Every structure is written in C-alpha cells, then in structure tokens.
Amino acid sequence: MSTHEPSSPPASFSADHPAAEGGPVALPPALYVEGAVATITLRRPAVANRLELSDLEVLQAHLAEVNARPEVLVLRLQGLGRHFCSGFNLGDAGEHITNAAESFEALAAALEAARPVTVAVINGGLYGGATDLALACDFRIGTTAAEMFVPAAQLGLLFYRGGMERYVARLGLPMARRILLAAEKFEASQMLSLGYLDRMVEPQALAEVGQAWCDRLAGMAPLALLGMKRHLNAMGRGALDEAALAADIAHVNASEDLREGVRAWQEKRAAVFRGR
C-alpha cells in the first residue's frame with residue numbers, strides 16, 4: 001500500500017461533505033490507489049483547493065509513485081468542495097516567485113508526461129495555473145457549475161512558457177489570447193464548445209460519470225492505451241520520436257494482448273488483458 005494512500009477512497013465533489021468549503025480540512029493532496037485507477041485529491045476546500053508551495057512537492061511525489069506502479073493505467077485528479085483548484089498561492093512564494101513558478105511549471109509538465117492516462121474531474125471553478133494543470137491532463141470532465149479564469153495579465157504575471165505552449169497547442173492561438181491576454185472568464189458551456197471540456201454533466205452526476213470514464217479507460221489494453229497516449233502527446237508537441245513509435249507498434253503487434261483482443265472480439269466477450 002502507498003505511504004501516501006488514505007485507507008479509504010476520498011469522498012469528492014459534494015459541497016455537503018464535511019471537508020467541503022468552510023469545513024475544517026486543510027490538508028496536502030492525497031493519493032489513493034484502487035486497482036488500475038489512482039486518484040489524487042486536492043484537500044484545501046476552504047481556500048478553493050489553492051496549492052501551497054509544499055503541495056507542489058507532494059504532488060510530484062504522488063506522480064512519481066503512480067508512474068512506478070505498473071498496475072495503474074488511469075490517474076484521476078479531483079478536488080474537494082465547491083471548486084477544483086484556485087491555482088498557486090502567490091503570497092506564499094514571496095521573493096521566491098521565480099523558483100515557485102518554475103516548480104509549478106515542472107509539475108504541469110510532469111502531469112502531462114505521466115505514464116497513466118489522466119482525467120481531470122472538475123467539480124467547479126478553476127483559476128490561474130490550475131487551468132493549465134487540468135489542460136495537461138488527457139481528459140477533462142466538468143459540471144455545469146465549472147468556470148475558468150486566468151488573471152495573470154491583471155496581476156502583472158507573465159505566464160510560464162510550458163503553459164502558454166500547451167494552450168496554443170491544445171486550444172489554438174486565438175483562444176490562448178482570449179484566456180491569457182484578455183483574461184476572459186469562461187462558463188462551463190463555453191469551456192465545452194472551445195474544447196477545454198470533453199464532457200459536461202450536472203453536478204450530481206459528476207462522481208458517477210467520472211468513475212465510469214476512468215473504468216472504461218482502465219479496461220483498455222495497457223500496451224496500446226499507454227503507447228498511444230505517449231505518442232499522441234508527443235505529436236501534439238511536435239516532438240514525435242518515429243523510431244520509438246515504430247518500435248512500440250512492432251511490440252504491440254507481437255503481444256499476447258493483441259491476440260487476446262482479437263479473440264475476444266470474435267467471441268463477443270470481454271477481453272482479459274495482461275499488459276504483455
């Protein structure tokens with residue numbers, strides 16, 4: 001069992017949970033692993049799950065642990081209370097703002113490069129750098145109560161390179177300008193139409209839909225799932241390693257999983273994949 005792992009799955013999303021906004025809980029992010037799905041939960045609901053400097057180190061450690069566990073195929077990122085995350089606590093950085101910004105950028109890059117497929121389950125508002133953490137995930141599911149806003153230009157903060165590149169690559173230059181330069185606020189329906197959200201649901205359906213999404217991904221063939229995730233992200237950055245892709249394709253084509261998948265399809269049954 002993980003040393004960072006709570007003994008039971010963290011409740012999430014509901015404003016009625018004891019740890020919801022205004023409640024007593026103000027804890028570092030928690031990691032819980034169940035089967036092929038890992039969950040990282042942000043646990044500072046009273047401050048909209050704002051990230052402290054120490055939280056960045058904790059999140060990096062969680063990502064390293066998840067990456068080292070081959071049974072984990074899916075990583076879910078979620079927040080307690082009414083908000084997903086309000087970004088980084090700039091007041092906590094003080095005169096060390098440069099180092100803090102570099103640490104946050106490194107965290108977003110590590111999240112994008114995580115071995116499992118990543119799903120951001122967005123229960124409410126996300127602001128500032130938190131918008132990039134969610135964008136670094138492979139999928140984003142949000143409620144009708146979700147909204148996003150990046151006030152960097154209003155604060156005098158030049159957004160870090162990796163985040164700007166991700167916005168341009170994933171949402172396009174015109175939308176990146178609206179988000180980062182004009183500091184527009186976007187509601188859930190707009191987030192869905194511009195491609196930031198992959199799916200929008202009612203708040204009461206988020207937990208069930210998020211779990212179903214993760215379970216569906218976890219049922220895929222590991223070699224194919226994780227290989228395509230890795231190479232799709234490389235293509236999105238314009239950094240595809242053609243030799244690595246060819247090697248992975250050859251490996252998967254010779255795998256037991258591919259033979260099992262074809263047999264299961266022909267026999268109209270669920271495949272049992274073993275990652276080899």
# chains A, B, ... in the order shown; residues from 1 in each chain; ligands from 1
$ select_by_dssp --residues "stretch 13-132 of chain A" --states "strand (DSSP E or B)" --output "VMD selection string"
chain A and resid 27 to 34 37 to 43 51 74 to 79 83 to 85 88 117 to 122 125 to 127
$ write_last_selection --atoms "N, CA and C atoms" --output "compact mmCIF listing (two decimals), in the first residue's frame"
# COMPACT_ATOMS: atom_id res chain seq x y z
N LEU A 27 -5.56 20.09 4.14
CA LEU A 27 -4.51 19.07 4.12
C LEU A 27 -3.81 19.05 2.76
N PRO A 28 -2.62 18.48 2.72
CA PRO A 28 -1.94 18.34 1.43
C PRO A 28 -2.68 17.34 0.54
N PRO A 29 -2.39 17.34 -0.75
CA PRO A 29 -3.05 16.41 -1.67
C PRO A 29 -2.84 14.96 -1.25
N ALA A 30 -3.90 14.16 -1.43
CA ALA A 30 -3.85 12.75 -1.04
C ALA A 30 -3.86 11.86 -2.27
N LEU A 31 -3.18 10.73 -2.16
CA LEU A 31 -3.17 9.73 -3.22
C LEU A 31 -3.85 8.47 -2.72
N TYR A 32 -4.77 7.96 -3.54
CA TYR A 32 -5.45 6.70 -3.23
C TYR A 32 -5.40 5.85 -4.50
N VAL A 33 -5.03 4.59 -4.35
CA VAL A 33 -4.95 3.69 -5.50
C VAL A 33 -5.88 2.50 -5.27
N GLU A 34 -6.72 2.24 -6.25
CA GLU A 34 -7.60 1.07 -6.22
C GLU A 34 -7.55 0.40 -7.58
N VAL A 37 -6.85 2.21 -11.16
CA VAL A 37 -7.17 3.64 -11.12
C VAL A 37 -6.57 4.28 -9.86
N ALA A 38 -5.78 5.31 -10.06
CA ALA A 38 -5.25 6.11 -8.96
C ALA A 38 -5.99 7.44 -8.91
N THR A 39 -6.17 7.97 -7.71
CA THR A 39 -6.87 9.24 -7.56
C THR A 39 -6.03 10.18 -6.69
N ILE A 40 -5.78 11.37 -7.19
CA ILE A 40 -5.17 12.43 -6.39
C ILE A 40 -6.26 13.45 -6.07
N THR A 41 -6.44 13.74 -4.79
CA THR A 41 -7.47 14.66 -4.34
C THR A 41 -6.85 15.88 -3.69
N LEU A 42 -7.23 17.06 -4.15
CA LEU A 42 -6.80 18.32 -3.55
C LEU A 42 -7.71 18.59 -2.36
N ARG A 43 -7.12 18.95 -1.20
CA ARG A 43 -7.89 18.93 0.05
C ARG A 43 -7.78 20.23 0.86
N LEU A 51 -3.12 25.77 -4.07
CA LEU A 51 -1.91 24.98 -3.87
C LEU A 51 -0.84 25.80 -3.17
N VAL A 74 -4.81 4.52 -15.10
CA VAL A 74 -5.56 5.77 -15.14
C VAL A 74 -5.28 6.56 -13.87
N LEU A 75 -5.09 7.86 -14.02
CA LEU A 75 -4.91 8.76 -12.89
C LEU A 75 -5.98 9.83 -12.95
N ARG A 76 -6.77 9.91 -11.88
CA ARG A 76 -7.84 10.92 -11.77
C ARG A 76 -7.36 12.03 -10.85
N LEU A 77 -7.59 13.28 -11.26
CA LEU A 77 -7.28 14.45 -10.44
C LEU A 77 -8.58 15.15 -10.10
N GLN A 78 -8.83 15.38 -8.80
CA GLN A 78 -10.09 15.96 -8.37
C GLN A 78 -9.86 16.85 -7.15
N GLY A 79 -10.89 17.62 -6.80
CA GLY A 79 -10.80 18.50 -5.65
C GLY A 79 -12.01 18.36 -4.75
N HIS A 83 -14.96 23.85 -5.48
CA HIS A 83 -14.03 24.27 -6.53
C HIS A 83 -13.05 23.14 -6.84
N PHE A 84 -12.55 23.19 -8.06
CA PHE A 84 -11.50 22.24 -8.44
C PHE A 84 -10.16 22.70 -7.87
N CYS A 85 -9.74 23.92 -8.23
CA CYS A 85 -8.47 24.44 -7.72
C CYS A 85 -8.37 25.91 -8.11
N PHE A 88 -2.01 28.55 -7.68
CA PHE A 88 -0.93 28.60 -6.70
C PHE A 88 -1.06 29.82 -5.80
N VAL A 117 -3.02 7.31 -18.29
CA VAL A 117 -3.95 8.26 -18.88
C VAL A 117 -4.54 9.09 -17.75
N THR A 118 -4.59 10.41 -17.92
CA THR A 118 -5.01 11.30 -16.84
C THR A 118 -6.38 11.91 -17.13
N VAL A 119 -7.19 12.02 -16.09
CA VAL A 119 -8.54 12.56 -16.20
C VAL A 119 -8.73 13.61 -15.11
N ALA A 120 -8.99 14.84 -15.48
CA ALA A 120 -9.33 15.89 -14.52
C ALA A 120 -10.84 15.90 -14.35
N VAL A 121 -11.30 15.71 -13.13
CA VAL A 121 -12.72 15.69 -12.82
C VAL A 121 -13.03 17.02 -12.12
N ILE A 122 -13.67 17.92 -12.85
CA ILE A 122 -13.75 19.33 -12.46
C ILE A 122 -15.13 19.64 -11.88
N GLY A 125 -15.10 25.81 -10.01
CA GLY A 125 -14.19 26.76 -10.60
C GLY A 125 -12.74 26.30 -10.61
N LEU A 126 -12.01 26.71 -11.63
CA LEU A 126 -10.57 26.53 -11.66
C LEU A 126 -9.96 27.79 -12.22
N TYR A 127 -8.89 28.24 -11.58
CA TYR A 127 -8.38 29.58 -11.83
C TYR A 127 -6.86 29.57 -11.91
$ residues_around --residues "A:Ile179" --least-positions-apart "2" --cutoff "9 Å" --atoms "only C-alpha atoms" --output "VMD selection string"
chain A and resid 148 to 151 167 174 to 177 181 to 186
$ write_last_selection --atoms "all heavy atoms" --output "CSV table (one decimal), in the first residue's frame"
chain,number,residue,atom,x,y,z
A,148,MET,N,-13.7,29.0,-15.6
A,148,MET,CA,-12.3,29.1,-15.6
A,148,MET,C,-11.9,30.6,-15.9
A,148,MET,O,-12.6,31.3,-16.6
A,148,MET,CB,-11.6,28.2,-16.7
A,148,MET,CG,-12.0,28.4,-18.1
A,148,MET,SD,-11.2,27.4,-19.3
A,148,MET,CE,-9.6,28.1,-19.3
A,149,PHE,N,-10.8,31.0,-15.4
A,149,PHE,CA,-10.3,32.4,-15.4
A,149,PHE,C,-8.8,32.4,-15.1
A,149,PHE,O,-8.4,31.8,-14.1
A,149,PHE,CB,-11.1,33.2,-14.4
A,149,PHE,CG,-10.7,34.6,-14.2
A,149,PHE,CD1,-10.5,35.4,-15.3
A,149,PHE,CD2,-10.4,35.0,-12.9
A,149,PHE,CE1,-10.1,36.8,-15.1
A,149,PHE,CE2,-10.0,36.4,-12.7
A,149,PHE,CZ,-9.8,37.2,-13.8
A,150,VAL,N,-8.0,33.1,-15.9
A,150,VAL,CA,-6.6,33.2,-15.7
A,150,VAL,C,-6.3,34.7,-15.6
A,150,VAL,O,-6.2,35.4,-16.6
A,150,VAL,CB,-5.8,32.6,-16.8
A,150,VAL,CG1,-4.3,32.7,-16.5
A,150,VAL,CG2,-6.2,31.1,-17.0
A,151,PRO,N,-6.1,35.2,-14.4
A,151,PRO,CA,-5.9,36.7,-14.2
A,151,PRO,C,-4.4,37.1,-14.3
A,151,PRO,O,-4.0,38.2,-13.8
A,151,PRO,CB,-6.4,36.9,-12.8
A,151,PRO,CG,-6.0,35.6,-12.1
A,151,PRO,CD,-6.2,34.5,-13.1
A,167,TYR,N,-1.5,25.8,-24.1
A,167,TYR,CA,-2.8,26.5,-24.5
A,167,TYR,C,-2.8,26.6,-26.1
A,167,TYR,O,-3.8,26.4,-26.7
A,167,TYR,CB,-2.9,27.9,-23.9
A,167,TYR,CG,-3.7,27.8,-22.6
A,167,TYR,CD1,-3.2,28.0,-21.4
A,167,TYR,CD2,-5.1,27.6,-22.7
A,167,TYR,CE1,-3.9,27.9,-20.2
A,167,TYR,CE2,-5.9,27.5,-21.6
A,167,TYR,CZ,-5.3,27.7,-20.3
A,167,TYR,OH,-6.0,27.6,-19.2
A,174,PRO,N,-5.8,31.8,-31.2
A,174,PRO,CA,-6.8,32.8,-30.8
A,174,PRO,C,-7.4,32.6,-29.5
A,174,PRO,O,-7.6,33.6,-28.7
A,174,PRO,CB,-7.8,32.6,-32.0
A,174,PRO,CG,-7.0,32.1,-33.1
A,174,PRO,CD,-6.0,31.2,-32.5
A,175,MET,N,-7.7,31.4,-29.1
A,175,MET,CA,-8.3,31.1,-27.8
A,175,MET,C,-7.3,31.4,-26.7
A,175,MET,O,-7.6,31.9,-25.6
A,175,MET,CB,-8.8,29.7,-27.7
A,175,MET,CG,-9.6,29.4,-26.5
A,175,MET,SD,-11.0,30.5,-26.3
A,175,MET,CE,-12.0,30.2,-27.8
A,176,ALA,N,-6.0,31.0,-26.9
A,176,ALA,CA,-5.0,31.3,-25.9
A,176,ALA,C,-4.9,32.8,-25.6
A,176,ALA,O,-4.7,33.2,-24.5
A,176,ALA,CB,-3.6,30.8,-26.4
A,177,ARG,N,-5.0,33.6,-26.7
A,177,ARG,CA,-5.0,35.1,-26.5
A,177,ARG,C,-6.2,35.5,-25.6
A,177,ARG,O,-6.0,36.4,-24.7
A,177,ARG,CB,-5.1,35.8,-27.8
A,177,ARG,CG,-3.8,35.7,-28.6
A,177,ARG,CD,-4.0,36.4,-30.0
A,177,ARG,NE,-2.7,36.4,-30.7
A,177,ARG,CZ,-2.7,36.1,-32.0
A,177,ARG,NH1,-3.8,35.8,-32.7
A,177,ARG,NH2,-1.6,36.2,-32.7
A,181,LEU,N,-4.4,36.8,-22.5
A,181,LEU,CA,-4.2,38.3,-22.7
A,181,LEU,C,-5.4,39.1,-22.2
A,181,LEU,O,-5.3,40.0,-21.5
A,181,LEU,CB,-3.9,38.6,-24.2
A,181,LEU,CG,-2.7,37.9,-24.8
A,181,LEU,CD1,-2.4,38.4,-26.2
A,181,LEU,CD2,-1.4,38.1,-23.9
A,182,ALA,N,-6.6,38.6,-22.7
A,182,ALA,CA,-7.8,39.4,-22.3
A,182,ALA,C,-8.4,38.9,-21.0
A,182,ALA,O,-9.3,39.6,-20.5
A,182,ALA,CB,-8.9,39.1,-23.4
A,183,ALA,N,-7.9,37.8,-20.4
A,183,ALA,CA,-8.3,37.4,-19.1
A,183,ALA,C,-9.8,37.2,-19.0
A,183,ALA,O,-10.5,37.5,-18.1
A,183,ALA,CB,-7.8,38.3,-18.0
A,184,GLU,N,-10.4,36.6,-20.1
A,184,GLU,CA,-11.8,36.3,-20.1
A,184,GLU,C,-12.2,35.2,-19.2
A,184,GLU,O,-11.4,34.3,-19.0
A,184,GLU,CB,-12.3,35.9,-21.5
A,184,GLU,CG,-12.3,37.0,-22.6
A,184,GLU,CD,-13.0,36.6,-23.8
A,184,GLU,OE1,-14.1,36.0,-23.8
A,184,GLU,OE2,-12.5,36.8,-24.9
A,185,LYS,N,-13.4,35.3,-18.6
A,185,LYS,CA,-13.9,34.2,-17.8
A,185,LYS,C,-14.8,33.4,-18.7
A,185,LYS,O,-15.7,33.9,-19.4
A,185,LYS,CB,-14.7,34.8,-16.6
A,185,LYS,CG,-15.2,33.7,-15.7
A,185,LYS,CD,-16.0,34.3,-14.5
A,185,LYS,CE,-15.0,34.9,-13.5
A,185,LYS,NZ,-15.7,35.3,-12.2
A,186,PHE,N,-14.7,32.1,-18.6
A,186,PHE,CA,-15.5,31.2,-19.4
A,186,PHE,C,-16.3,30.3,-18.5
A,186,PHE,O,-15.8,29.7,-17.5
A,186,PHE,CB,-14.6,30.3,-20.2
A,186,PHE,CG,-13.8,31.0,-21.3
A,186,PHE,CD1,-12.6,31.6,-21.0
A,186,PHE,CD2,-14.3,31.2,-22.6
A,186,PHE,CE1,-11.9,32.4,-22.0
A,186,PHE,CE2,-13.7,31.9,-23.6
A,186,PHE,CZ,-12.5,32.5,-23.3
$ residues_around --residues "stretch 251-263 of chain A" --least-positions-apart "3" --cutoff "8 Å" --atoms "only C-alpha atoms" --output "PyMOL selection string"
chain A and resi 221+223-224+247-248+266-267+271-276
$ closest_residue --among "A:Arg44, A:Leu192, A:Ala130, A:Ala110" --to "A:Leu59" --atoms "only C-alpha atoms"
A:Ala110
$ atom_distance --atom1 "atom CA of A:Glu208" --atom2 "atom CA of A:Gly35"
17.3 Å
$ decode --residues "stretch 58-94 of chain A" --atoms "N, CA, C and O atoms" --output "short mmCIF file (atom, residue, chain, number, x, y, z; two decimals), in the first residue's frame"
data_model
loop_
_atom_site.label_atom_id
_atom_site.label_comp_id
_atom_site.auth_asym_id
_atom_site.auth_seq_id
_atom_site.Cartn_x
_atom_site.Cartn_y
_atom_site.Cartn_z
N VAL A 58 4.58 17.54 -2.85
CA VAL A 58 3.75 16.37 -2.56
C VAL A 58 3.17 15.81 -3.85
O VAL A 58 3.17 14.58 -4.08
N LEU A 59 2.68 16.69 -4.72
CA LEU A 59 2.09 16.23 -5.98
C LEU A 59 3.14 15.56 -6.87
O LEU A 59 2.86 14.56 -7.53
N GLN A 60 4.34 16.11 -6.90
CA GLN A 60 5.41 15.47 -7.68
C GLN A 60 5.70 14.08 -7.14
O GLN A 60 5.92 13.13 -7.91
N ALA A 61 5.70 13.93 -5.81
CA ALA A 61 5.95 12.62 -5.21
C ALA A 61 4.83 11.65 -5.56
O ALA A 61 5.08 10.46 -5.84
N HIS A 62 3.59 12.12 -5.54
CA HIS A 62 2.47 11.27 -5.91
C HIS A 62 2.60 10.81 -7.36
O HIS A 62 2.36 9.63 -7.68
N LEU A 63 2.95 11.73 -8.25
CA LEU A 63 3.12 11.36 -9.66
C LEU A 63 4.23 10.34 -9.83
O LEU A 63 4.09 9.38 -10.61
N ALA A 64 5.32 10.52 -9.12
CA ALA A 64 6.43 9.57 -9.21
C ALA A 64 5.99 8.19 -8.75
O ALA A 64 6.35 7.16 -9.36
N GLU A 65 5.20 8.14 -7.68
CA GLU A 65 4.74 6.84 -7.18
C GLU A 65 3.78 6.18 -8.17
O GLU A 65 3.89 4.98 -8.44
N VAL A 66 2.87 6.95 -8.73
CA VAL A 66 1.92 6.40 -9.70
C VAL A 66 2.67 5.89 -10.93
O VAL A 66 2.37 4.81 -11.46
N ASN A 67 3.65 6.65 -11.39
CA ASN A 67 4.42 6.23 -12.56
C ASN A 67 5.18 4.93 -12.31
O ASN A 67 5.43 4.16 -13.24
N ALA A 68 5.52 4.68 -11.06
CA ALA A 68 6.30 3.48 -10.71
C ALA A 68 5.43 2.26 -10.47
O ALA A 68 5.97 1.16 -10.25
N ARG A 69 4.12 2.43 -10.50
CA ARG A 69 3.22 1.30 -10.25
C ARG A 69 2.61 0.83 -11.57
O ARG A 69 1.68 1.44 -12.10
N PRO A 70 3.12 -0.24 -12.14
CA PRO A 70 2.69 -0.66 -13.48
C PRO A 70 1.23 -1.05 -13.57
O PRO A 70 0.65 -1.05 -14.66
N GLU A 71 0.61 -1.39 -12.43
CA GLU A 71 -0.81 -1.77 -12.48
C GLU A 71 -1.73 -0.58 -12.70
O GLU A 71 -2.89 -0.74 -13.08
N VAL A 72 -1.22 0.64 -12.47
CA VAL A 72 -2.06 1.84 -12.61
C VAL A 72 -2.10 2.28 -14.08
O VAL A 72 -1.06 2.59 -14.67
N LEU A 73 -3.28 2.31 -14.64
CA LEU A 73 -3.46 2.72 -16.04
C LEU A 73 -4.13 4.08 -16.16
O LEU A 73 -4.03 4.73 -17.20
N VAL A 74 -4.81 4.52 -15.10
CA VAL A 74 -5.56 5.77 -15.14
C VAL A 74 -5.28 6.56 -13.87
O VAL A 74 -5.26 6.00 -12.77
N LEU A 75 -5.09 7.86 -14.02
CA LEU A 75 -4.91 8.76 -12.89
C LEU A 75 -5.98 9.83 -12.95
O LEU A 75 -6.08 10.57 -13.94
N ARG A 76 -6.77 9.91 -11.88
CA ARG A 76 -7.84 10.92 -11.77
C ARG A 76 -7.36 12.03 -10.85
O ARG A 76 -6.82 11.79 -9.78
N LEU A 77 -7.59 13.28 -11.26
CA LEU A 77 -7.28 14.45 -10.44
C LEU A 77 -8.58 15.15 -10.10
O LEU A 77 -9.35 15.50 -11.00
N GLN A 78 -8.83 15.38 -8.80
CA GLN A 78 -10.09 15.96 -8.37
C GLN A 78 -9.86 16.85 -7.15
O GLN A 78 -8.80 16.84 -6.54
N GLY A 79 -10.89 17.62 -6.80
CA GLY A 79 -10.80 18.50 -5.65
C GLY A 79 -12.01 18.36 -4.75
O GLY A 79 -13.11 18.04 -5.21
N LEU A 80 -11.81 18.61 -3.46
CA LEU A 80 -12.91 18.59 -2.50
C LEU A 80 -13.66 19.92 -2.53
O LEU A 80 -13.09 20.97 -2.81
N GLY A 81 -14.94 19.87 -2.18
CA GLY A 81 -15.71 21.09 -2.02
C GLY A 81 -16.31 21.60 -3.30
O GLY A 81 -16.64 20.84 -4.20
N ARG A 82 -16.45 22.93 -3.39
CA ARG A 82 -17.17 23.56 -4.49
C ARG A 82 -16.28 23.94 -5.66
O ARG A 82 -16.77 24.37 -6.70
N HIS A 83 -14.96 23.85 -5.48
CA HIS A 83 -14.03 24.27 -6.53
C HIS A 83 -13.05 23.14 -6.84
O HIS A 83 -12.75 22.32 -5.99
N PHE A 84 -12.55 23.19 -8.06
CA PHE A 84 -11.50 22.24 -8.44
C PHE A 84 -10.16 22.70 -7.87
O PHE A 84 -9.53 21.99 -7.09
N CYS A 85 -9.74 23.92 -8.23
CA CYS A 85 -8.47 24.44 -7.72
C CYS A 85 -8.37 25.91 -8.11
O CYS A 85 -8.73 26.30 -9.22
N SER A 86 -7.84 26.72 -7.20
CA SER A 86 -7.69 28.15 -7.47
C SER A 86 -6.25 28.52 -7.81
O SER A 86 -5.86 29.69 -7.73
N GLY A 87 -5.45 27.52 -8.19
CA GLY A 87 -4.10 27.81 -8.60
C GLY A 87 -3.12 27.87 -7.44
O GLY A 87 -3.37 27.35 -6.36
N PHE A 88 -2.01 28.55 -7.68
CA PHE A 88 -0.93 28.60 -6.70
C PHE A 88 -1.06 29.82 -5.80
O PHE A 88 -1.47 30.89 -6.23
N ASN A 89 -0.70 29.66 -4.56
CA ASN A 89 -0.72 30.75 -3.58
C ASN A 89 0.48 31.66 -3.82
O ASN A 89 1.57 31.42 -3.31
N LEU A 90 0.28 32.72 -4.60
CA LEU A 90 1.38 33.62 -4.93
C LEU A 90 1.94 34.29 -3.68
O LEU A 90 3.14 34.57 -3.59
N GLY A 91 1.07 34.55 -2.70
CA GLY A 91 1.53 35.16 -1.47
C GLY A 91 2.49 34.28 -0.71
O GLY A 91 3.34 34.76 0.05
N ASP A 92 2.40 32.98 -0.92
CA ASP A 92 3.27 32.02 -0.25
C ASP A 92 4.67 32.04 -0.84
O ASP A 92 5.64 31.66 -0.18
N ALA A 93 4.79 32.50 -2.08
CA ALA A 93 6.08 32.47 -2.76
C ALA A 93 6.98 33.62 -2.33
O ALA A 93 8.19 33.47 -2.25
N GLY A 94 6.37 34.77 -2.08
CA GLY A 94 7.15 35.93 -1.66
C GLY A 94 8.23 36.28 -2.67
O GLY A 94 7.99 36.34 -3.87
#
